[in-house]
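For reference, structure.cif (mmCIF, C-alpha atoms):
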data_run
#
loop_
_atom_site.group_PDB
_atom_site.id
_atom_site.type_symbol
_atom_site.label_atom_id
_atom_site.label_comp_id
_atom_site.auth_asym_id
_atom_site.auth_seq_id
_atom_site.Cartn_x
_atom_site.Cartn_y
_atom_site.Cartn_z
ATOM 1 C CA MET M 1 -1.083 -5.511 -17.680
ATOM 2 C CA LEU M 2 -0.734 -8.017 -14.889
ATOM 3 C CA GLY M 3 2.677 -8.949 -16.208
ATOM 4 C CA LEU M 4 3.891 -5.395 -15.974
ATOM 5 C CA ILE M 5 2.437 -4.970 -12.544
ATOM 6 C CA GLY M 6 3.849 -8.240 -11.379
ATOM 7 C CA LEU M 7 7.467 -7.407 -12.194
ATOM 8 C CA LEU M 8 7.928 -5.422 -9.149
ATOM 9 C CA THR M 9 9.810 -6.530 -6.147
ATOM 10 C CA ARG M 10 12.715 -4.158 -5.891
ATOM 11 C CA ARG M 11 15.001 -2.244 -3.620
ATOM 12 C CA ASN M 12 14.385 -1.354 -0.050
ATOM 13 C CA VAL M 13 11.901 -2.547 2.463
ATOM 14 C CA MET M 14 9.300 0.120 1.864
ATOM 15 C CA PHE M 15 9.376 -0.543 -1.843
ATOM 16 C CA THR M 16 9.131 -4.237 -1.251
ATOM 17 C CA LEU M 17 5.997 -3.762 0.805
ATOM 18 C CA MET M 18 4.447 -1.433 -1.749
ATOM 19 C CA SER M 19 5.194 -3.862 -4.548
ATOM 20 C CA LEU M 20 3.579 -6.577 -2.498
ATOM 21 C CA GLU M 21 0.455 -4.465 -2.303
ATOM 22 C CA VAL M 22 0.482 -3.998 -6.043
ATOM 23 C CA MET M 23 0.881 -7.700 -6.688
ATOM 24 C CA LEU M 24 -1.977 -8.563 -4.356
ATOM 25 C CA ASN M 25 -4.041 -5.997 -6.193
ATOM 26 C CA ALA M 26 -3.158 -7.642 -9.472
ATOM 27 C CA ALA M 27 -4.351 -10.987 -8.191
ATOM 28 C CA GLY M 28 -7.538 -9.354 -6.990
ATOM 29 C CA LEU M 29 -8.037 -7.729 -10.359
ATOM 30 C CA ALA M 30 -7.786 -11.119 -12.007
ATOM 31 C CA PHE M 31 -10.454 -12.454 -9.664
ATOM 32 C CA ILE M 32 -12.733 -9.502 -10.306
ATOM 33 C CA ALA M 33 -12.308 -9.751 -14.048
ATOM 34 C CA ALA M 34 -13.120 -13.444 -14.007
ATOM 35 C CA GLY M 35 -16.120 -12.822 -11.801
ATOM 36 C CA ALA M 36 -17.351 -10.102 -14.139
ATOM 37 C CA ARG M 37 -16.836 -12.311 -17.165
ATOM 38 C CA TRP M 38 -19.083 -15.065 -15.834
ATOM 39 C CA GLY M 39 -21.362 -12.829 -13.787
ATOM 40 C CA GLN M 40 -20.635 -14.576 -10.522
ATOM 41 C CA ALA M 41 -20.133 -12.980 -7.134
ATOM 42 C CA ASP M 42 -17.425 -15.443 -6.127
ATOM 43 C CA GLY M 43 -14.678 -13.305 -7.592
ATOM 44 C CA GLN M 44 -15.633 -10.390 -5.424
ATOM 45 C CA VAL M 45 -15.758 -12.611 -2.371
ATOM 46 C CA MET M 46 -12.236 -13.772 -3.096
ATOM 47 C CA PHE M 47 -11.173 -10.158 -3.481
ATOM 48 C CA LEU M 48 -12.577 -9.387 -0.060
ATOM 49 C CA PHE M 49 -10.449 -12.168 1.369
ATOM 50 C CA ILE M 50 -7.401 -10.818 -0.420
ATOM 51 C CA LEU M 51 -8.168 -7.376 0.955
ATOM 52 C CA ALA M 52 -8.339 -8.611 4.527
ATOM 53 C CA MET M 53 -5.169 -10.599 4.077
ATOM 54 C CA ALA M 54 -3.363 -7.585 2.634
ATOM 55 C CA ALA M 55 -4.427 -5.472 5.576
ATOM 56 C CA ALA M 56 -3.126 -7.990 8.094
ATOM 57 C CA GLU M 57 0.047 -8.509 6.098
ATOM 58 C CA VAL M 58 0.844 -4.835 5.814
ATOM 59 C CA ALA M 59 0.300 -4.261 9.519
ATOM 60 C CA VAL M 60 2.743 -7.008 10.426
ATOM 61 C CA GLY M 61 5.159 -5.943 7.699
ATOM 62 C CA LEU M 62 5.280 -2.339 8.803
ATOM 63 C CA ALA M 63 5.759 -3.379 12.402
ATOM 64 C CA LEU M 64 8.692 -5.463 11.206
ATOM 65 C CA VAL M 65 10.092 -2.468 9.360
ATOM 66 C CA LEU M 66 9.919 -0.352 12.486
ATOM 67 C CA ARG M 67 11.603 -3.082 14.460
ATOM 68 C CA LEU M 68 14.324 -3.466 11.851
ATOM 69 C CA HIS M 69 14.884 0.258 11.820
ATOM 70 C CA ARG M 70 15.209 0.315 15.574
ATOM 71 C CA ILE M 71 17.740 -2.490 15.644
ATOM 72 C CA TYR M 72 19.944 -1.544 12.702
ATOM 73 C CA LYS M 73 19.969 2.117 13.485
ATOM 74 C CA SER M 74 19.730 3.769 10.125
ATOM 75 C CA VAL M 75 19.873 0.799 7.872
ATOM 76 C CA ASN M 76 17.448 1.369 5.101
ATOM 77 C CA ILE M 77 17.749 -1.365 2.551
ATOM 78 C CA ASP M 78 16.978 -4.969 3.184
ATOM 79 C CA ALA M 79 20.579 -5.487 4.119
ATOM 80 C CA ALA M 80 19.460 -6.958 7.385
ATOM 81 C CA SER M 81 19.858 -10.296 5.750
ATOM 82 C CA THR M 82 22.078 -11.865 8.334
ATOM 83 C CA LEU M 83 19.146 -13.282 10.295
ATOM 84 C CA LYS M 84 21.179 -14.333 13.256
ATOM 85 C CA GLY M 85 18.862 -15.829 15.857
ATOM 86 C CA MET Z 1 -17.783 2.606 -20.390
ATOM 87 C CA VAL Z 2 -15.241 0.623 -22.345
ATOM 88 C CA LEU Z 3 -13.227 3.769 -22.950
ATOM 89 C CA THR Z 4 -13.360 4.545 -19.261
ATOM 90 C CA PHE Z 5 -12.030 1.105 -18.514
ATOM 91 C CA TYR Z 6 -9.097 1.454 -20.848
ATOM 92 C CA VAL Z 7 -8.147 4.927 -19.670
ATOM 93 C CA ALA Z 8 -8.286 3.877 -16.032
ATOM 94 C CA ALA Z 9 -6.259 0.766 -16.759
ATOM 95 C CA ALA Z 10 -3.647 2.837 -18.579
ATOM 96 C CA ILE Z 11 -3.441 5.213 -15.635
ATOM 97 C CA ALA Z 12 -3.009 2.293 -13.258
ATOM 98 C CA VAL Z 13 -0.172 0.830 -15.301
ATOM 99 C CA ILE Z 14 1.565 4.181 -15.764
ATOM 100 C CA CYS Z 15 1.295 5.007 -12.081
ATOM 101 C CA THR Z 16 2.672 1.649 -11.078
ATOM 102 C CA GLY Z 17 5.587 2.014 -13.444
ATOM 103 C CA LEU Z 18 6.353 5.480 -12.117
ATOM 104 C CA MET Z 19 5.942 4.180 -8.590
ATOM 105 C CA ILE Z 20 8.644 1.580 -8.859
ATOM 106 C CA THR Z 21 11.052 3.958 -10.540
ATOM 107 C CA ARG Z 22 10.824 6.751 -7.979
ATOM 108 C CA LEU Z 23 13.843 7.131 -5.770
ATOM 109 C CA ASN Z 24 11.901 8.821 -3.040
ATOM 110 C CA ALA Z 25 9.502 6.716 -1.050
ATOM 111 C CA VAL Z 26 7.000 9.489 -0.473
ATOM 112 C CA HIS Z 27 6.734 10.219 -4.181
ATOM 113 C CA ALA Z 28 6.282 6.519 -4.764
ATOM 114 C CA LEU Z 29 3.514 6.532 -2.196
ATOM 115 C CA LEU Z 30 1.718 9.328 -4.041
ATOM 116 C CA TYR Z 31 1.844 7.358 -7.261
ATOM 117 C CA LEU Z 32 0.693 4.228 -5.459
ATOM 118 C CA VAL Z 33 -2.378 6.012 -4.132
ATOM 119 C CA VAL Z 34 -3.308 7.226 -7.597
ATOM 120 C CA SER Z 35 -2.735 3.729 -8.935
ATOM 121 C CA LEU Z 36 -5.106 2.276 -6.348
ATOM 122 C CA LEU Z 37 -7.751 4.849 -7.201
ATOM 123 C CA ALA Z 38 -7.394 3.970 -10.867
ATOM 124 C CA LEU Z 39 -7.774 0.313 -9.988
ATOM 125 C CA ALA Z 40 -10.964 1.146 -8.104
ATOM 126 C CA THR Z 41 -12.286 2.803 -11.269
ATOM 127 C CA VAL Z 42 -11.380 -0.324 -13.210
ATOM 128 C CA PHE Z 43 -13.334 -2.420 -10.734
ATOM 129 C CA TYR Z 44 -16.328 -0.140 -11.100
ATOM 130 C CA THR Z 45 -16.281 -0.404 -14.859
ATOM 131 C CA LEU Z 46 -16.007 -4.167 -14.531
ATOM 132 C CA GLY Z 47 -19.329 -4.137 -12.735
ATOM 133 C CA ALA Z 48 -18.180 -4.505 -9.162
ATOM 134 C CA PRO Z 49 -19.165 -1.285 -7.383
ATOM 135 C CA TYR Z 50 -19.003 -2.734 -3.894
ATOM 136 C CA VAL Z 51 -15.426 -3.855 -4.335
ATOM 137 C CA ALA Z 52 -14.523 -0.504 -5.879
ATOM 138 C CA VAL Z 53 -15.763 1.307 -2.796
ATOM 139 C CA LEU Z 54 -13.910 -1.099 -0.532
ATOM 140 C CA GLU Z 55 -10.749 -0.589 -2.539
ATOM 141 C CA VAL Z 56 -10.896 3.142 -1.993
ATOM 142 C CA ILE Z 57 -11.750 2.902 1.683
ATOM 143 C CA VAL Z 58 -9.464 0.088 2.752
ATOM 144 C CA TYR Z 59 -6.521 0.346 0.381
ATOM 145 C CA ALA Z 60 -6.296 4.008 -0.478
ATOM 146 C CA GLY Z 61 -7.548 4.956 2.959
ATOM 147 C CA ALA Z 62 -6.415 2.632 5.679
ATOM 148 C CA ILE Z 63 -3.353 0.915 4.283
ATOM 149 C CA MET Z 64 -1.893 4.086 2.820
ATOM 150 C CA VAL Z 65 -2.400 5.850 6.148
ATOM 151 C CA LEU Z 66 -0.395 3.041 7.743
ATOM 152 C CA PHE Z 67 2.412 3.622 5.258
ATOM 153 C CA VAL Z 68 2.389 7.357 5.882
ATOM 154 C CA PHE Z 69 2.471 6.832 9.625
ATOM 155 C CA VAL Z 70 5.473 4.579 9.412
ATOM 156 C CA MET Z 71 7.290 7.025 7.180
ATOM 157 C CA MET Z 72 6.586 9.813 9.622
ATOM 158 C CA MET Z 73 7.885 7.709 12.473
ATOM 159 C CA LEU Z 74 11.033 6.856 10.587
ATOM 160 C CA ASN Z 75 12.344 10.346 10.101
ATOM 161 C CA ILE Z 76 12.241 12.697 12.990
ATOM 162 C CA GLY Z 77 14.597 15.634 13.362
ATOM 163 C CA GLU Z 78 16.160 18.539 11.609
ATOM 164 C CA ARG Z 79 17.109 16.773 8.451
ATOM 165 C CA ALA Z 80 13.562 15.607 7.989
ATOM 166 C CA ALA Z 81 12.341 19.181 7.836
ATOM 167 C CA GLN Z 82 14.740 19.942 5.004
ATOM 168 C CA MET Z 83 13.610 16.823 3.192
ATOM 169 C CA GLU Z 84 10.030 17.890 3.711
ATOM 170 C CA ARG Z 85 10.766 21.202 2.056
ATOM 171 C CA ALA Z 86 12.378 19.441 -0.871
ATOM 172 C CA TRP Z 87 9.400 17.086 -1.264
ATOM 173 C CA LEU Z 88 6.881 19.870 -1.436
ATOM 174 C CA ASP Z 89 8.166 21.404 -4.638
ATOM 175 C CA PRO Z 90 5.711 21.307 -7.503
ATOM 176 C CA LYS Z 91 7.393 18.687 -9.616
ATOM 177 C CA ALA Z 92 6.838 16.168 -6.869
ATOM 178 C CA TRP Z 93 3.092 16.357 -6.854
ATOM 179 C CA ILE Z 94 2.337 17.590 -10.356
ATOM 180 C CA GLY Z 95 2.554 14.137 -11.906
ATOM 181 C CA PRO Z 96 0.194 12.352 -9.533
ATOM 182 C CA GLY Z 97 -1.989 15.455 -9.598
ATOM 183 C CA ILE Z 98 -2.455 15.314 -13.352
ATOM 184 C CA LEU Z 99 -3.227 11.607 -13.332
ATOM 185 C CA ALA Z 100 -5.667 12.006 -10.454
ATOM 186 C CA ALA Z 101 -7.348 14.854 -12.352
ATOM 187 C CA ILE Z 102 -7.861 12.541 -15.315
ATOM 188 C CA LEU Z 103 -9.421 10.017 -12.979
ATOM 189 C CA LEU Z 104 -11.692 12.664 -11.520
ATOM 190 C CA ALA Z 105 -12.823 13.673 -14.996
ATOM 191 C CA GLU Z 106 -13.586 10.032 -15.672
ATOM 192 C CA LEU Z 107 -15.598 9.782 -12.495
ATOM 193 C CA VAL Z 108 -17.666 12.809 -13.434
ATOM 194 C CA TYR Z 109 -18.168 11.375 -16.901
ATOM 195 C CA VAL Z 110 -19.392 8.061 -15.507
ATOM 196 C CA LEU Z 111 -21.734 9.799 -13.108
ATOM 197 C CA MET Z 112 -23.170 12.000 -15.855
ATOM 198 C CA ALA Z 113 -23.594 9.226 -18.375
ATOM 199 C CA PRO Z 114 -26.857 7.303 -18.330
ATOM 200 C CA ALA Z 115 -26.488 3.929 -16.689
ATOM 201 C CA GLY Z 116 -26.034 1.526 -19.539
ATOM 202 C CA PRO Z 117 -24.860 -2.058 -19.672
ATOM 203 C CA SER Z 118 -21.270 -2.250 -18.607
ATOM 204 C CA GLY Z 119 -20.053 -4.148 -21.625
ATOM 205 C CA PHE Z 120 -18.028 -6.633 -19.588
ATOM 206 C CA GLY Z 121 -20.604 -9.145 -18.483
ATOM 207 C CA GLY Z 122 -23.259 -8.356 -15.938
ATOM 208 C CA GLU Z 123 -22.981 -6.131 -12.933
ATOM 209 C CA VAL Z 124 -22.829 -7.911 -9.609
ATOM 210 C CA GLY Z 125 -24.186 -5.753 -6.841
ATOM 211 C CA PRO Z 126 -23.457 -5.703 -3.128
ATOM 212 C CA LYS Z 127 -26.482 -7.820 -2.309
ATOM 213 C CA ASP Z 128 -25.315 -10.773 -4.369
ATOM 214 C CA VAL Z 129 -21.849 -10.505 -2.893
ATOM 215 C CA GLY Z 130 -23.282 -10.552 0.606
ATOM 216 C CA MET Z 131 -25.492 -13.527 -0.137
ATOM 217 C CA VAL Z 132 -22.541 -15.512 -1.441
ATOM 218 C CA LEU Z 133 -20.171 -14.269 1.246
ATOM 219 C CA PHE Z 134 -22.319 -15.414 4.145
ATOM 220 C CA GLY Z 135 -23.606 -18.460 2.374
ATOM 221 C CA PRO Z 136 -21.064 -20.901 0.977
ATOM 222 C CA TYR Z 137 -18.085 -18.842 2.125
ATOM 223 C CA LEU Z 138 -19.012 -18.538 5.782
ATOM 224 C CA LEU Z 139 -16.072 -20.644 6.855
ATOM 225 C CA GLY Z 140 -13.776 -18.382 4.852
ATOM 226 C CA VAL Z 141 -15.136 -15.334 6.660
ATOM 227 C CA GLU Z 142 -14.368 -16.926 9.995
ATOM 228 C CA LEU Z 143 -10.877 -17.806 8.841
ATOM 229 C CA VAL Z 144 -10.297 -14.230 7.692
ATOM 230 C CA SER Z 145 -11.385 -12.933 11.071
ATOM 231 C CA MET Z 146 -8.877 -15.261 12.699
ATOM 232 C CA LEU Z 147 -6.216 -13.973 10.312
ATOM 233 C CA LEU Z 148 -6.992 -10.376 11.174
ATOM 234 C CA LEU Z 149 -6.770 -11.194 14.856
ATOM 235 C CA ALA Z 150 -3.398 -12.797 14.284
ATOM 236 C CA GLY Z 151 -2.323 -9.701 12.356
ATOM 237 C CA ILE Z 152 -3.341 -7.403 15.204
ATOM 238 C CA VAL Z 153 -1.563 -9.466 17.827
ATOM 239 C CA GLY Z 154 1.530 -9.834 15.665
ATOM 240 C CA ALA Z 155 1.774 -6.139 14.888
ATOM 241 C CA TYR Z 156 1.303 -5.256 18.528
ATOM 242 C CA HIS Z 157 3.947 -7.705 19.601
ATOM 243 C CA LEU Z 158 6.461 -6.531 17.026
ATOM 244 C CA GLY Z 159 5.801 -2.859 17.610
ATOM 245 C CA TRP Z 160 6.116 -3.104 21.348
ATOM 246 C CA ASN Z 161 9.168 -1.485 22.855
ATOM 247 C CA ALA Z 162 11.086 -3.591 25.271
ATOM 248 C CA PRO Z 163 11.385 -1.472 28.445
ATOM 249 C CA GLY Z 164 15.144 -1.604 28.640
ATOM 250 C CA GLU Z 165 15.451 -0.522 25.049
ATOM 251 C CA VAL Z 166 13.398 2.602 25.611
ATOM 252 C CA GLU Z 167 15.250 3.540 28.755
ATOM 253 C CA SER Z 168 18.589 3.282 27.045
ATOM 254 C CA LEU Z 169 17.233 5.496 24.303
ATOM 255 C CA TYR Z 170 16.101 8.130 26.794
ATOM 256 C CA ALA Z 171 19.337 7.991 28.687
ATOM 257 C CA MET Z 172 21.281 9.190 25.679
ATOM 258 C CA GLU Z 173 22.031 12.729 24.692
ATOM 259 C CA SER Z 174 19.369 14.194 22.503
ATOM 260 C CA SER Z 175 21.652 14.634 19.530
ATOM 261 C CA GLN Z 176 22.824 11.074 19.813
ATOM 262 C CA GLN Z 177 19.241 9.963 20.154
ATOM 263 C CA ARG Z 178 18.380 11.786 17.013
ATOM 264 C CA ALA Z 179 21.181 10.041 15.241
ATOM 265 C CA VAL Z 180 19.682 6.772 16.365
ATOM 266 C CA ILE Z 181 16.142 7.579 15.439
ATOM 267 C CA SER Z 182 16.410 9.649 12.307
ATOM 268 C CA GLY Z 183 17.495 7.124 9.805
ATOM 269 C CA ASP Z 184 16.785 7.635 6.202
ATOM 270 C CA LEU Z 185 14.930 4.471 5.498
ATOM 271 C CA VAL Z 186 12.580 6.548 3.462
ATOM 272 C CA ARG Z 187 15.266 7.467 1.006
ATOM 273 C CA ALA Z 188 15.514 4.454 -1.166
ATOM 274 C CA GLY Z 189 18.527 3.235 -2.995
ATOM 275 C CA SER Z 190 21.203 4.600 -0.743
ATOM 276 C CA ASP Z 191 23.942 2.296 0.312
ATOM 277 C CA ARG Z 192 24.271 0.307 3.456
ATOM 278 C CA PRO Z 193 26.481 2.085 5.963
ATOM 279 C CA ALA Z 194 29.847 0.477 6.363
ATOM 280 C CA ASP Z 195 29.696 0.098 10.113
ATOM 281 C CA THR Z 196 26.580 -1.997 10.281
ATOM 282 C CA PRO Z 197 26.932 -5.689 10.937
#
In structure tokens, how does this file's structure come out?
Amino acid sequence: MLGLIGLLTRRNVMFTLMSLEVMLNAAGLAFIAAGARWGQADGQVMFLFILAMAAAEVAVGLALVLRLHRIYKSVNIDAASTLKG
Amino acid sequence: MVLTFYVAAAIAVICTGLMITRLNAVHALLYLVVSLLALATVFYTLGAPYVAVLEVIVYAGAIMVLFVFVMMMLNIGERAAQMERAWLDPKAWIGPGILAAILLAELVYVLMAPAGPSGFGGEVGPKDVGMVLFGPYLLGVELVSMLLLAGIVGAYHLGWNAPGEVESLYAMESSQQRAVISGDLVRAGSDRPADTP
């Protein structure tokens, strides 16, 4: 299950961000499952950290997407790979 | 409970697979939301109700709203209205609708069923999580708050319009402006225009 979810990063920027969300979720699921297996709360704590990190990451990522869209007028894919200063 | 777990897990996997194969970003977003809800059900059946609730509120609520906002900001104009009409046809939402209906049936089933042992180890309630979170992991909580602050500042900085940029945008003709603004970033898989650097 995690393998299938983890295969994801594809195509344009939006899809990349969504796949990132899914992969973070997969990592969180692993933590939760381990925590449930041994009955510890640590797994859930780690998931909370992952959740906060994903929120911060997606805010910055979407701001970057807006910025990219404004610069390269209608460029949609991650073809903005020139990265000139 | 075990059956619920497997059905929810299957829905999550199917939704994720459909999500990455959609050509249209909004359809993919619909599938992603259903996938997150299914994952929340999985968490609940694994005996983590607090995390399941947080998953629904933060992921399926807040983060998805961010995605939808950005998509709305990225296509403004006439062409967007036509796209909107095309997205609203039934075969766009019937798939996520069916899967979400299965999830809803599962939810009702879990609520109706007598609370038994979850079958995957013990249930860890919110109180235990809180005790651990503000006990040994207090430093981690502080670090996460710093990270969130950095995220806020970074997003604000990146999303800020430079004044000259905005003025040049307003100075243009409206049709030209629309050509600048209404890109089709939302439509995945199309090719890079030839005139871009």
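A cut-off of 9 Å from the point (-11.4, -8.0, -14.4), with only C-alpha atoms, picks out the residues M:Gly28, M:Leu29, M:Ala30, M:Phe31, M:Ile32, M:Ala33, M:Ala34, M:Gly35, M:Ala36, M:Arg37, Z:Val42, Z:Phe43, Z:Leu46, Z:Gly47, Z:Phe120.
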Computed interatomic separation between atom CA of Z:Leu29 and atom CA of Z:Ala62 (Å): 13.3 Å
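Evaluated on this file, the PyMOL selection byres ((chain Z and resi 106) around 10) matches Met1, Leu3, Thr4, Phe5, Val7, Ala8, Ala38, Thr41, Ala100, Ala101, Ile102, Leu103, Leu104, Ala105, Leu107, Val108, Tyr109, Val110, Leu111 and Met112 of chain Z.
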Nearby residues (only C-alpha atoms) at most 12 Å from M:Met46, same-chain spacing under 2 positions excluded, as a PyMOL selection string: (chain M and resi 24-25+27-35+40-44+48-53) or (chain Z and resi 51+129+132-133+137+140-141+144)
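Atom pair atom CA of M:Met23 / atom CA of Z:Leu36: separated by 11.6 Å.
Distance-wise, atom CA of Z:Val58 and atom CA of Z:Ala9 end up 19.8 Å apart.
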Ground truth for the PyMOL selection byres ((chain M and resi 57) around 10), written as a PDB file with C-alpha atoms, keeping the file's coordinate frame:
ATOM      1  CA  LEU M  17       5.997  -3.762   0.805  1.00  0.00           C
ATOM      2  CA  LEU M  20       3.579  -6.577  -2.498  1.00  0.00           C
ATOM      3  CA  GLU M  21       0.455  -4.465  -2.303  1.00  0.00           C
ATOM      4  CA  LEU M  51      -8.168  -7.376   0.955  1.00  0.00           C
ATOM      5  CA  ALA M  52      -8.339  -8.611   4.527  1.00  0.00           C
ATOM      6  CA  MET M  53      -5.169 -10.599   4.077  1.00  0.00           C
ATOM      7  CA  ALA M  54      -3.363  -7.585   2.634  1.00  0.00           C
ATOM      8  CA  ALA M  55      -4.427  -5.472   5.576  1.00  0.00           C
ATOM      9  CA  ALA M  56      -3.126  -7.990   8.094  1.00  0.00           C
ATOM     10  CA  VAL M  58       0.844  -4.835   5.814  1.00  0.00           C
ATOM     11  CA  ALA M  59       0.300  -4.261   9.519  1.00  0.00           C
ATOM     12  CA  VAL M  60       2.743  -7.008  10.426  1.00  0.00           C
ATOM     13  CA  GLY M  61       5.159  -5.943   7.699  1.00  0.00           C
ATOM     14  CA  LEU M  62       5.280  -2.339   8.803  1.00  0.00           C
ATOM     15  CA  ALA M  63       5.759  -3.379  12.402  1.00  0.00           C
TER      16      ALA M  63
ATOM     17  CA  LEU Z 147      -6.216 -13.973  10.312  1.00  0.00           C
ATOM     18  CA  LEU Z 148      -6.992 -10.376  11.174  1.00  0.00           C
ATOM     19  CA  ALA Z 150      -3.398 -12.797  14.284  1.00  0.00           C
ATOM     20  CA  GLY Z 151      -2.323  -9.701  12.356  1.00  0.00           C
ATOM     21  CA  ILE Z 152      -3.341  -7.403  15.204  1.00  0.00           C
ATOM     22  CA  GLY Z 154       1.530  -9.834  15.665  1.00  0.00           C
ATOM     23  CA  ALA Z 155       1.774  -6.139  14.888  1.00  0.00           C
TER      24      ALA Z 155
END
Residues selected by the PyMOL selection byres ((chain Z and resi 55) around 9), written as number ranges by chain: M: 51; Z: 36-37, 39-40, 43, 50-54, 56-61
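Proximity of Z:Val70, Z:Pro49, Z:Val33, Z:Ile11 to chain M, computed with all atoms listed in the file, is greatest for Z:Val70.
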Which residue of Z:Ala10, Z:Leu99, Z:Leu158, Z:Val65 approaches M:Leu66 most closely, using all atoms listed in the file: Z:Leu158
